[in-house]
Structure formats: C-alpha cells, structure tokens
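With mmCIF, C-alpha atoms, pLDDT in the B column; chains and numbers go by the auth columns inside, this is query-v2.cif:
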```
data_data
loop_
_atom_site.group_PDB
_atom_site.id
_atom_site.type_symbol
_atom_site.label_atom_id
_atom_site.label_comp_id
_atom_site.label_asym_id
_atom_site.label_seq_id
_atom_site.Cartn_x
_atom_site.Cartn_y
_atom_site.Cartn_z
_atom_site.B_iso_or_equiv
_atom_site.auth_seq_id
_atom_site.auth_asym_id
ATOM 1 C CA MET A 1 57.049 -19.061 -5.403 50.00 10 A
ATOM 2 C CA ARG A 2 56.222 -15.442 -6.367 49.00 11 A
ATOM 3 C CA THR A 3 58.711 -12.748 -5.538 56.00 12 A
ATOM 4 C CA LEU A 4 57.613 -9.467 -4.001 51.00 13 A
ATOM 5 C CA THR A 5 57.960 -7.780 -7.387 59.00 14 A
ATOM 6 C CA SER A 6 55.814 -10.379 -9.170 62.00 15 A
ATOM 7 C CA ASN A 7 53.192 -10.206 -6.417 59.00 16 A
ATOM 8 C CA THR A 8 53.045 -6.430 -6.804 64.00 17 A
ATOM 9 C CA GLN A 9 52.679 -6.703 -10.581 62.00 18 A
ATOM 10 C CA TRP A 10 49.934 -9.336 -10.185 55.00 19 A
ATOM 11 C CA ALA A 11 48.022 -7.088 -7.750 58.00 20 A
ATOM 12 C CA TRP A 12 48.267 -4.073 -10.070 59.00 21 A
ATOM 13 C CA ARG A 13 47.036 -6.131 -13.054 66.00 22 A
ATOM 14 C CA ASN A 14 44.011 -7.332 -11.089 60.00 23 A
ATOM 15 C CA LEU A 15 43.267 -3.812 -9.877 58.00 24 A
ATOM 16 C CA LEU A 16 43.476 -2.476 -13.433 61.00 25 A
ATOM 17 C CA PHE A 17 41.157 -5.248 -14.646 57.00 26 A
ATOM 18 C CA LEU A 18 38.670 -4.427 -11.883 57.00 27 A
ATOM 19 C CA LEU A 19 38.676 -0.714 -12.724 56.00 28 A
ATOM 20 C CA VAL A 20 38.137 -1.382 -16.436 49.00 29 A
ATOM 21 C CA SER A 21 35.254 -3.757 -15.626 53.00 30 A
ATOM 22 C CA VAL A 22 33.556 -1.174 -13.416 46.00 31 A
ATOM 23 C CA MET A 23 33.908 1.505 -16.105 50.00 32 A
ATOM 24 C CA PHE A 24 32.481 -0.840 -18.746 46.00 33 A
ATOM 25 C CA LEU A 25 29.486 -1.803 -16.626 44.00 34 A
ATOM 26 C CA SER A 26 28.816 1.844 -15.802 44.00 35 A
ATOM 27 C CA SER A 27 28.810 2.781 -19.473 42.00 36 A
ATOM 28 C CA CYS A 28 26.332 -0.031 -20.203 43.00 37 A
ATOM 29 C CA ARG A 29 23.875 0.998 -17.489 41.00 38 A
ATOM 30 C CA VAL A 30 20.455 1.853 -18.888 42.00 39 A
ATOM 31 C CA ALA A 31 19.390 5.428 -18.217 46.00 40 A
ATOM 32 C CA GLU A 32 16.390 5.882 -15.946 50.00 41 A
ATOM 33 C CA PRO A 33 13.339 6.184 -18.217 57.00 42 A
ATOM 34 C CA ARG A 34 11.526 9.515 -18.318 70.00 43 A
ATOM 35 C CA GLY A 35 7.789 10.009 -18.142 83.00 44 A
ATOM 36 C CA PHE A 36 4.823 8.449 -16.375 85.00 45 A
ATOM 37 C CA PHE A 37 4.400 4.695 -15.830 85.00 46 A
ATOM 38 C CA ALA A 38 1.672 2.671 -14.124 86.00 47 A
ATOM 39 C CA ASP A 39 1.583 -1.110 -13.707 85.00 48 A
ATOM 40 C CA LEU A 40 -1.949 -2.442 -13.363 81.00 49 A
ATOM 41 C CA SER A 41 -2.868 -5.925 -12.173 82.00 50 A
ATOM 42 C CA ARG A 42 -6.348 -7.243 -11.538 68.00 51 A
ATOM 43 C CA THR A 43 -8.268 -10.418 -10.834 57.00 52 A
ATOM 44 C CA ASP A 44 -10.122 -10.800 -14.121 53.00 53 A
ATOM 45 C CA ALA A 45 -12.555 -13.445 -12.862 50.00 54 A
ATOM 46 C CA GLU A 46 -13.689 -11.181 -10.038 52.00 55 A
ATOM 47 C CA VAL A 47 -14.004 -8.172 -12.321 54.00 56 A
ATOM 48 C CA ARG A 48 -16.165 -10.114 -14.793 53.00 57 A
ATOM 49 C CA VAL A 49 -18.716 -11.053 -12.124 52.00 58 A
ATOM 50 C CA PHE A 50 -18.461 -7.773 -10.253 57.00 59 A
ATOM 51 C CA PRO A 51 -19.673 -4.765 -12.281 63.00 60 A
ATOM 52 C CA LEU A 52 -17.944 -1.547 -11.262 73.00 61 A
ATOM 53 C CA ASP A 53 -20.756 0.922 -10.685 78.00 62 A
ATOM 54 C CA ASP A 54 -20.853 3.167 -7.609 91.00 63 A
ATOM 55 C CA LEU A 55 -17.261 3.882 -6.634 94.00 64 A
ATOM 56 C CA LEU A 56 -16.003 5.714 -3.576 97.00 65 A
ATOM 57 C CA VAL A 57 -12.805 7.663 -4.183 98.00 66 A
ATOM 58 C CA TRP A 58 -11.092 7.718 -0.792 98.00 67 A
ATOM 59 C CA PRO A 59 -9.112 10.915 -0.055 98.00 68 A
ATOM 60 C CA ILE A 60 -5.587 10.441 -1.409 98.00 69 A
ATOM 61 C CA GLN A 61 -2.965 9.969 1.304 97.00 70 A
ATOM 62 C CA SER A 62 0.700 11.006 1.500 97.00 71 A
ATOM 63 C CA GLN A 63 3.334 11.609 4.148 95.00 72 A
ATOM 64 C CA GLU A 64 5.094 14.180 1.941 95.00 73 A
ATOM 65 C CA ALA A 65 4.539 17.490 3.735 94.00 74 A
ATOM 66 C CA LYS A 66 4.800 19.672 0.612 94.00 75 A
ATOM 67 C CA LEU A 67 2.108 17.655 -1.146 96.00 76 A
ATOM 68 C CA ILE A 68 -0.471 17.423 1.662 96.00 77 A
ATOM 69 C CA PRO A 69 -2.235 20.757 0.895 96.00 78 A
ATOM 70 C CA TYR A 70 -2.841 19.551 -2.678 97.00 79 A
ATOM 71 C CA LEU A 71 -4.190 16.058 -2.002 98.00 80 A
ATOM 72 C CA ASP A 72 -7.806 17.190 -2.090 98.00 81 A
ATOM 73 C CA ALA A 73 -7.301 18.685 -5.541 98.00 82 A
ATOM 74 C CA MET A 74 -5.746 15.391 -6.676 98.00 83 A
ATOM 75 C CA THR A 75 -8.688 13.430 -5.282 98.00 84 A
ATOM 76 C CA ARG A 76 -11.134 15.676 -7.131 98.00 85 A
ATOM 77 C CA GLU A 77 -9.235 15.143 -10.388 98.00 86 A
ATOM 78 C CA ILE A 78 -9.394 11.367 -9.920 97.00 87 A
ATOM 79 C CA ARG A 79 -13.174 11.625 -9.396 97.00 88 A
ATOM 80 C CA ARG A 80 -13.535 13.844 -12.465 97.00 89 A
ATOM 81 C CA GLY A 81 -11.585 11.394 -14.607 96.00 90 A
ATOM 82 C CA LEU A 82 -13.664 8.429 -13.437 94.00 91 A
ATOM 83 C CA ILE A 83 -16.890 10.300 -14.160 94.00 92 A
ATOM 84 C CA GLN A 84 -15.618 11.100 -17.655 93.00 93 A
ATOM 85 C CA SER A 85 -15.011 7.355 -18.047 89.00 94 A
ATOM 86 C CA GLN A 86 -18.695 6.709 -17.297 88.00 95 A
ATOM 87 C CA TYR A 87 -18.260 5.552 -13.699 90.00 96 A
ATOM 88 C CA SER A 88 -20.852 6.475 -11.099 92.00 97 A
ATOM 89 C CA VAL A 89 -18.852 8.105 -8.296 95.00 98 A
ATOM 90 C CA LEU A 90 -20.099 8.625 -4.755 97.00 99 A
ATOM 91 C CA SER A 91 -20.069 11.944 -2.918 97.00 100 A
ATOM 92 C CA HIS A 92 -16.680 13.540 -2.312 97.00 101 A
ATOM 93 C CA ARG A 93 -18.066 15.502 0.630 97.00 102 A
ATOM 94 C CA LYS A 94 -19.227 12.327 2.366 97.00 103 A
ATOM 95 C CA ALA A 95 -15.898 10.643 1.694 98.00 104 A
ATOM 96 C CA VAL A 96 -14.039 13.516 3.346 97.00 105 A
ATOM 97 C CA GLU A 97 -16.411 13.564 6.318 97.00 106 A
ATOM 98 C CA LEU A 98 -16.058 9.820 6.858 98.00 107 A
ATOM 99 C CA ALA A 99 -12.262 9.977 6.561 97.00 108 A
ATOM 100 C CA LYS A 100 -12.225 12.638 9.284 97.00 109 A
ATOM 101 C CA SER A 101 -14.488 10.662 11.612 97.00 110 A
ATOM 102 C CA LEU A 102 -13.288 7.107 10.953 97.00 111 A
ATOM 103 C CA GLY A 103 -9.622 7.556 10.048 95.00 112 A
ATOM 104 C CA LYS A 104 -7.762 7.455 6.758 92.00 113 A
ATOM 105 C CA GLY A 105 -6.540 3.860 6.378 94.00 114 A
ATOM 106 C CA ARG A 106 -7.701 1.017 4.150 95.00 115 A
ATOM 107 C CA THR A 107 -9.855 -0.544 6.881 96.00 116 A
ATOM 108 C CA GLU A 108 -11.620 2.769 7.416 98.00 117 A
ATOM 109 C CA ALA A 109 -12.109 3.174 3.667 98.00 118 A
ATOM 110 C CA LEU A 110 -13.880 -0.200 3.548 97.00 119 A
ATOM 111 C CA GLU A 111 -16.114 0.773 6.459 97.00 120 A
ATOM 112 C CA ALA A 112 -17.021 4.017 4.669 98.00 121 A
ATOM 113 C CA LEU A 113 -17.814 2.035 1.499 97.00 122 A
ATOM 114 C CA ARG A 114 -20.188 -0.242 3.390 96.00 123 A
ATOM 115 C CA ARG A 115 -21.925 2.699 5.034 97.00 124 A
ATOM 116 C CA LEU A 116 -22.477 4.352 1.652 96.00 125 A
ATOM 117 C CA LYS A 117 -23.496 1.034 0.043 94.00 126 A
ATOM 118 C CA GLY A 118 -21.042 1.431 -2.822 94.00 127 A
ATOM 119 C CA ASP A 119 -19.568 -1.250 -5.080 92.00 128 A
ATOM 120 C CA GLY A 120 -15.892 -0.411 -4.644 93.00 129 A
ATOM 121 C CA VAL A 121 -13.500 1.994 -2.960 96.00 130 A
ATOM 122 C CA LEU A 122 -10.391 3.370 -4.649 97.00 131 A
ATOM 123 C CA VAL A 123 -7.481 3.912 -2.244 98.00 132 A
ATOM 124 C CA ILE A 124 -4.445 5.839 -3.510 98.00 133 A
ATOM 125 C CA SER A 125 -1.230 6.874 -1.783 97.00 134 A
ATOM 126 C CA VAL A 126 1.674 9.003 -3.006 98.00 135 A
ATOM 127 C CA ASP A 127 4.713 7.543 -1.274 97.00 136 A
ATOM 128 C CA THR A 128 7.466 9.846 -2.576 97.00 137 A
ATOM 129 C CA TRP A 129 7.462 13.347 -4.051 97.00 138 A
ATOM 130 C CA ASP A 130 10.738 14.919 -5.216 96.00 139 A
ATOM 131 C CA GLU A 131 10.108 18.319 -6.800 95.00 140 A
ATOM 132 C CA ARG A 132 13.687 19.589 -7.068 93.00 141 A
ATOM 133 C CA GLY A 133 13.230 20.009 -10.830 93.00 142 A
ATOM 134 C CA LEU A 134 9.765 21.554 -10.635 93.00 143 A
ATOM 135 C CA GLU A 135 10.608 25.253 -10.753 92.00 144 A
ATOM 136 C CA SER A 136 13.314 24.960 -13.405 91.00 145 A
ATOM 137 C CA LEU A 137 11.937 22.209 -15.655 92.00 146 A
ATOM 138 C CA GLY A 138 8.415 21.442 -14.466 93.00 147 A
ATOM 139 C CA ARG A 139 9.714 17.997 -13.522 94.00 148 A
ATOM 140 C CA VAL A 140 8.739 15.866 -10.506 95.00 149 A
ATOM 141 C CA ARG A 141 9.954 12.444 -9.461 96.00 150 A
ATOM 142 C CA CYS A 142 7.308 10.574 -7.511 96.00 151 A
ATOM 143 C CA GLN A 143 5.777 7.182 -6.991 97.00 152 A
ATOM 144 C CA GLY A 144 2.858 5.573 -5.232 97.00 153 A
ATOM 145 C CA LYS A 145 0.248 2.834 -5.342 96.00 154 A
ATOM 146 C CA PHE A 146 -3.475 2.330 -5.823 96.00 155 A
ATOM 147 C CA VAL A 147 -6.026 -0.403 -5.159 95.00 156 A
ATOM 148 C CA LEU A 148 -9.736 -0.864 -5.815 93.00 157 A
ATOM 149 C CA LEU A 149 -11.456 -2.941 -3.133 93.00 158 A
ATOM 150 C CA SER A 150 -14.878 -4.582 -3.059 91.00 159 A
ATOM 151 C CA PRO A 151 -17.068 -4.176 0.062 93.00 160 A
ATOM 152 C CA GLU A 152 -15.746 -7.567 1.222 92.00 161 A
ATOM 153 C CA GLY A 153 -12.165 -6.339 0.917 93.00 162 A
ATOM 154 C CA ASN A 154 -11.327 -8.259 -2.273 90.00 163 A
ATOM 155 C CA VAL A 155 -8.776 -6.640 -4.580 90.00 164 A
ATOM 156 C CA LEU A 156 -10.507 -5.888 -7.898 89.00 165 A
ATOM 157 C CA TRP A 157 -7.488 -4.160 -9.404 88.00 166 A
ATOM 158 C CA GLN A 158 -4.330 -2.601 -8.106 92.00 167 A
ATOM 159 C CA GLY A 159 -0.987 -1.261 -9.195 93.00 168 A
ATOM 160 C CA ARG A 160 1.905 1.111 -8.710 95.00 169 A
ATOM 161 C CA PHE A 161 2.709 4.319 -10.521 96.00 170 A
ATOM 162 C CA ARG A 162 5.886 6.308 -11.048 96.00 171 A
ATOM 163 C CA ASN A 163 6.749 9.584 -12.702 95.00 172 A
ATOM 164 C CA ASN A 164 10.218 10.710 -13.716 93.00 173 A
ATOM 165 C CA GLY A 165 9.404 13.449 -16.159 92.00 174 A
ATOM 166 C CA VAL A 166 7.774 16.793 -16.748 93.00 175 A
ATOM 167 C CA LEU A 167 4.416 17.315 -15.028 94.00 176 A
ATOM 168 C CA VAL A 168 4.027 21.028 -15.772 93.00 177 A
ATOM 169 C CA ASP A 169 4.689 22.916 -19.000 89.00 178 A
ATOM 170 C CA ARG A 170 6.930 25.799 -17.902 79.00 179 A
ATOM 171 C CA ASP A 171 5.617 27.876 -20.835 79.00 180 A
ATOM 172 C CA SER A 172 2.033 27.585 -19.592 78.00 181 A
ATOM 173 C CA GLY A 173 2.144 30.849 -17.621 79.00 182 A
ATOM 174 C CA VAL A 174 2.104 29.213 -14.155 76.00 183 A
ATOM 175 C CA PHE A 175 4.793 30.969 -12.129 80.00 184 A
ATOM 176 C CA SER A 176 4.587 30.621 -8.328 91.00 185 A
ATOM 177 C CA LEU A 177 5.889 27.450 -6.686 92.00 186 A
ATOM 178 C CA GLU A 178 2.492 26.829 -5.102 94.00 187 A
ATOM 179 C CA ASP A 179 0.752 27.082 -8.480 93.00 188 A
ATOM 180 C CA LEU A 180 3.331 24.794 -10.065 94.00 189 A
ATOM 181 C CA ARG A 181 2.879 22.258 -7.286 96.00 190 A
ATOM 182 C CA LEU A 182 -0.910 22.338 -7.650 96.00 191 A
ATOM 183 C CA GLU A 183 -0.740 21.897 -11.415 95.00 192 A
ATOM 184 C CA ALA A 184 1.775 19.049 -11.064 96.00 193 A
ATOM 185 C CA ALA A 185 -0.448 17.261 -8.531 97.00 194 A
ATOM 186 C CA LYS A 186 -3.533 17.617 -10.722 97.00 195 A
ATOM 187 C CA ASN A 187 -1.694 16.477 -13.854 96.00 196 A
ATOM 188 C CA LEU A 188 -0.372 13.423 -12.025 97.00 197 A
ATOM 189 C CA ALA A 189 -3.946 12.519 -11.034 97.00 198 A
ATOM 190 C CA ARG A 190 -5.159 12.995 -14.616 96.00 199 A
ATOM 191 C CA MET A 191 -2.477 10.700 -16.002 95.00 200 A
ATOM 192 C CA LEU A 192 -3.173 8.062 -13.375 95.00 201 A
ATOM 193 C CA THR A 193 -6.914 8.032 -14.069 94.00 202 A
ATOM 194 C CA LYS A 194 -6.254 7.277 -17.734 92.00 203 A
ATOM 195 C CA LYS A 195 -4.563 4.027 -16.661 90.00 204 A
ATOM 196 C CA PHE A 196 -7.590 2.685 -14.796 89.00 205 A
ATOM 197 C CA PRO A 197 -9.731 -0.060 -16.393 85.00 206 A
ATOM 198 C CA PRO A 198 -12.840 1.046 -18.323 78.00 207 A
ATOM 199 C CA HIS A 199 -16.236 1.112 -16.687 77.00 208 A
ATOM 200 C CA ARG A 200 -18.206 -2.151 -16.680 65.00 209 A
ATOM 201 C CA ILE A 201 -21.988 -1.983 -16.526 53.00 210 A
ATOM 202 C CA ARG A 202 -24.446 -4.566 -15.267 50.00 211 A
#
```

Entire entry expressed as structure tokens:
Amino acid sequence: MRTLTSNTQWAWRNLLFLLVSVMFLSSCRVAEPRGFFADLSRTDAEVRVFPLDDLLVWPIQSQEAKLIPYLDAMTREIRRGLIQSQYSVLSHRKAVELAKSLGKGRTEALEALRRLKGDGVLVISVDTWDERGLESLGRVRCQGKFVLLSPEGNVLWQGRFRNNGVLVDRDSGVFSLEDLRLEAAKNLARMLTKKFPPHRIR
C-alpha cells in the first residue's frame, strides 16, 4: 500500500511526464502552410461527354461584410480568366440582373442557366476573409468553395480553395485599405481561375 509521500511522488512524476509529452508534440506540429491552395474534384465521365462551352459565371457570394463591395470585381476577374482560357462566357450583365430578380442561391443559378441556355454555371462562395495582415504584409487568410453545374444540376467539377499568404505586393504602390482590399480580391480570383480545368470543345 502506497504511503502519502509515495502517492505524491507518483503524481508529480506523471504530471512531469504529461508536460514533457505536450511540449514534444507541440514542437513537432507542422506549421500552417503559406500560399494559395485549391483542391479540384470532378466526374471525369461526365466531363468527357459534356463539352464545356457557354458558361455562366454566377455573381460570387460571401457573408463577409468587408468583402461584399468587391465581389463584383472578383466575378469579373473570374470571367476574364475563363475567356483567356478559351471558354465562351455568357453575359455578366444578364447574370447580375437574374441574380437580383431570382435570388442568389444555387437553385436560382441553375434557373438562370436554363433561361440563358448555357452549358454550365459556375457558383463560387468566399466563406471566410481575415485581412488582419493586409495593411502590414499584404496577407489575407481566406477560404471558400466552387462548383460547376450542368443545366440538370449535375456536378461537373468542384472544389475548395484556401489562401494563407500574401495577396498584394506591398511595394506595388497601392496604399489605401480599400485599394489593397480590391487588389487582394482580384488576385484571389486570378489565382483561382488558374486552377480550373482547361476548356473542352465539341
């Protein structure tokens, strides 16, 4: 039977072991990677039989108040990138008008696609936007998701994206917070577009 002294020594030994283990595991923790990442998944069989021609880029959505005034600029950059990749992209003006009249969700995006007789609609959302490092480092932490849907609602490709690095070069001459935010939003859209699959023709 343990005495009080031996019980105390046993407890202190276990506590010391626990503290050392926690410190070791903390030192082994992998640092959060910096930069932009996008994971793309798609249904290859559907993509092979479904040429991606006339795409509707649905207005990008976000609940982040600071980002909302810049979502249109992001949407335009996505369109520009797709056009540079040889996609045929439907009217931005009509997309905005339909989003205002129908609503901004995925169901409404599909209805707009059918009305415009397009081949697919790209729906993007920015779910988080942390710009605490924007003014000092040009850095933004953010993440979101994207999906390309056929008129029948089938997922042609989809994925998630995340940024944990610099979005704006602080030596570029952009000074006001609003200008920095706009440039960061546009650069995020440019990087995302480069991750999309190449255009497939009939």

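Shortest separation to Ala118 in chain A among A:Lys103, A:Arg150, A:Arg43, A:Arg199 occurs at residue A:Lys103, atoms counted being all atoms listed in the file.
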
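Between CA of Asp188 in chain A and CA of Gln152 in chain A the separation is 20.6 Å.
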
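Applied to the shown file, the PyMOL selection byres ((chain A and resi 105) around 12) selects the residues Leu65, Val66, Trp67, Pro68, Ile69, Gln70, Leu80, Asp81, Thr84, Arg85, Leu99, Ser100, His101, Arg102, Lys103, Ala104, Glu106, Leu107, Ala108, Lys109, Ser110, Leu111, Gly112, Lys113, Glu117, Ala118 and Ala121 of chain A.
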
Ranking A:Leu76, A:Asp63, A:Arg115, A:Arg141 by minimum distance to Leu91 in chain A and counting only C-alpha atoms, which one comes first?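 Looking at the shortest contact to Leu91 in chain A, the residue is A:Asp63.
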
Answer key for the PyMOL selection byres ((chain A and resi 171) around 6), residues as a PDB file with C-alpha atoms, keeping the file's coordinate frame:
```pdb
ATOM      1  CA  PHE A  45       4.823   8.449 -16.375  1.00 85.00           C
ATOM      2  CA  PHE A  46       4.400   4.695 -15.830  1.00 85.00           C
ATOM      3  CA  CYS A 151       7.308  10.574  -7.511  1.00 96.00           C
ATOM      4  CA  GLN A 152       5.777   7.182  -6.991  1.00 97.00           C
ATOM      5  CA  PHE A 170       2.709   4.319 -10.521  1.00 96.00           C
ATOM      6  CA  ASN A 172       6.749   9.584 -12.702  1.00 95.00           C
TER       7      ASN A 172
END
```

Contact residues around Gln167 in chain A with all atoms listed in the file at 6 Å, ignoring same-chain residues under 2 positions, as a list in words: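 Skipping anything fewer than 2 positions along the chain leaves Leu49, Ser50, Phe155 and Val156 of chain A.
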
Output of the above residues as an mmCIF file, in the frame of the given file, restricted to C-alpha atoms:
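To be explicit, this is the file written out as again.cif:
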```cif
data_model
loop_
_atom_site.group_PDB
_atom_site.id
_atom_site.type_symbol
_atom_site.label_atom_id
_atom_site.label_comp_id
_atom_site.auth_asym_id
_atom_site.auth_seq_id
_atom_site.Cartn_x
_atom_site.Cartn_y
_atom_site.Cartn_z
ATOM 1 C CA LEU A 49 -1.949 -2.442 -13.363
ATOM 2 C CA SER A 50 -2.868 -5.925 -12.173
ATOM 3 C CA PHE A 155 -3.475 2.330 -5.823
ATOM 4 C CA VAL A 156 -6.026 -0.403 -5.159
#
```

Given the file above and the PyMOL selection byres ((chain A and resi 176) around 8), which residues are selected, and can you give them as an NGL selection string? :A and (147-149 or 174-175 or 177-178 or 192-193 or 196-197)

Go through A:Trp138, A:Leu125, A:Leu119, A:Leu143 and flag the residue nearest Val183 in chain A, using all atoms listed in the file for the distances.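 Nearest to Val183 in chain A: A:Leu143.
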
With 3 Å added on each side, what axis-aligned box encloses every listed atom of range 160-177 of chain A? Give the centre and edge lengths in Å to one decimal, as AutoDock Vina command-line options.
```
--center_x -3.4 --center_y 6.4 --center_z -7.8 --size_x 33.3 --size_y 35.3 --size_z 24.0
```

Could you check which of A:Gln95, A:Thr137, A:Ser145, A:Thr202 is closest to Ala74 in chain A, using all atoms listed in the file?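 Checking each of A:Gln95, A:Thr137, A:Ser145, A:Thr202 against Ala74 in chain A, counting all atoms listed in the file, the winner is A:Thr137.
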
For a quick check of understanding, using all atoms listed in the file, which of A:Glu86, A:Glu187, A:Asp62, A:Glu161 has the smallest distance to Glu144 in chain A? A:Glu187

CA of Ala198 in chain A to CA of Asn163 in chain A, distance in Å rounded to a single decimal: 23.7 Å

So the first atom is CA of Ser159 in chain A and the second is CA of Gly129 in chain A; what is the distance between them in Å, to one decimal place?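 Between CA of Ser159 in chain A and CA of Gly129 in chain A the gap is 4.6 Å.
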
For range 113-127 of chain A, supply N, CA and C atoms and report the output as an mmCIF file, in the coordinates of the input.
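part38.cif, freshly written:
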```
data_model
loop_
_atom_site.group_PDB
_atom_site.id
_atom_site.type_symbol
_atom_site.label_atom_id
_atom_site.label_comp_id
_atom_site.auth_asym_id
_atom_site.auth_seq_id
_atom_site.Cartn_x
_atom_site.Cartn_y
_atom_site.Cartn_z
ATOM 1 N N LYS A 113 -8.105 7.346 8.177
ATOM 2 C CA LYS A 113 -7.762 7.455 6.758
ATOM 3 C C LYS A 113 -7.189 6.185 6.140
ATOM 4 N N GLY A 114 -7.141 5.084 6.882
ATOM 5 C CA GLY A 114 -6.540 3.860 6.378
ATOM 6 C C GLY A 114 -7.452 3.041 5.491
ATOM 7 N N ARG A 115 -6.937 1.892 5.039
ATOM 8 C CA ARG A 115 -7.701 1.017 4.150
ATOM 9 C C ARG A 115 -8.912 0.420 4.866
ATOM 10 N N THR A 116 -8.739 0.022 6.114
ATOM 11 C CA THR A 116 -9.855 -0.544 6.881
ATOM 12 C C THR A 116 -10.983 0.469 7.013
ATOM 13 N N GLU A 117 -10.627 1.715 7.295
ATOM 14 C CA GLU A 117 -11.620 2.769 7.416
ATOM 15 C C GLU A 117 -12.292 3.067 6.078
ATOM 16 N N ALA A 118 -11.532 2.965 4.997
ATOM 17 C CA ALA A 118 -12.109 3.174 3.667
ATOM 18 C C ALA A 118 -13.168 2.113 3.363
ATOM 19 N N LEU A 119 -12.904 0.875 3.759
ATOM 20 C CA LEU A 119 -13.880 -0.200 3.548
ATOM 21 C C LEU A 119 -15.139 0.027 4.386
ATOM 22 N N GLU A 120 -14.965 0.485 5.616
ATOM 23 C CA GLU A 120 -16.114 0.773 6.459
ATOM 24 C C GLU A 120 -16.963 1.898 5.849
ATOM 25 N N ALA A 121 -16.295 2.927 5.324
ATOM 26 C CA ALA A 121 -17.021 4.017 4.669
ATOM 27 C C ALA A 121 -17.778 3.502 3.448
ATOM 28 N N LEU A 122 -17.160 2.611 2.680
ATOM 29 C CA LEU A 122 -17.814 2.035 1.499
ATOM 30 C C LEU A 122 -19.082 1.293 1.890
ATOM 31 N N ARG A 123 -19.010 0.514 2.947
ATOM 32 C CA ARG A 123 -20.188 -0.242 3.390
ATOM 33 C C ARG A 123 -21.296 0.698 3.865
ATOM 34 N N ARG A 124 -20.922 1.757 4.563
ATOM 35 C CA ARG A 124 -21.925 2.699 5.034
ATOM 36 C C ARG A 124 -22.645 3.393 3.871
ATOM 37 N N LEU A 125 -21.892 3.662 2.804
ATOM 38 C CA LEU A 125 -22.477 4.352 1.652
ATOM 39 C C LEU A 125 -23.059 3.388 0.623
ATOM 40 N N LYS A 126 -22.940 2.069 0.913
ATOM 41 C CA LYS A 126 -23.496 1.034 0.043
ATOM 42 C C LYS A 126 -22.981 1.142 -1.393
ATOM 43 N N GLY A 127 -21.668 1.377 -1.506
ATOM 44 C CA GLY A 127 -21.042 1.431 -2.822
ATOM 45 C C GLY A 127 -20.542 0.074 -3.265
#
```
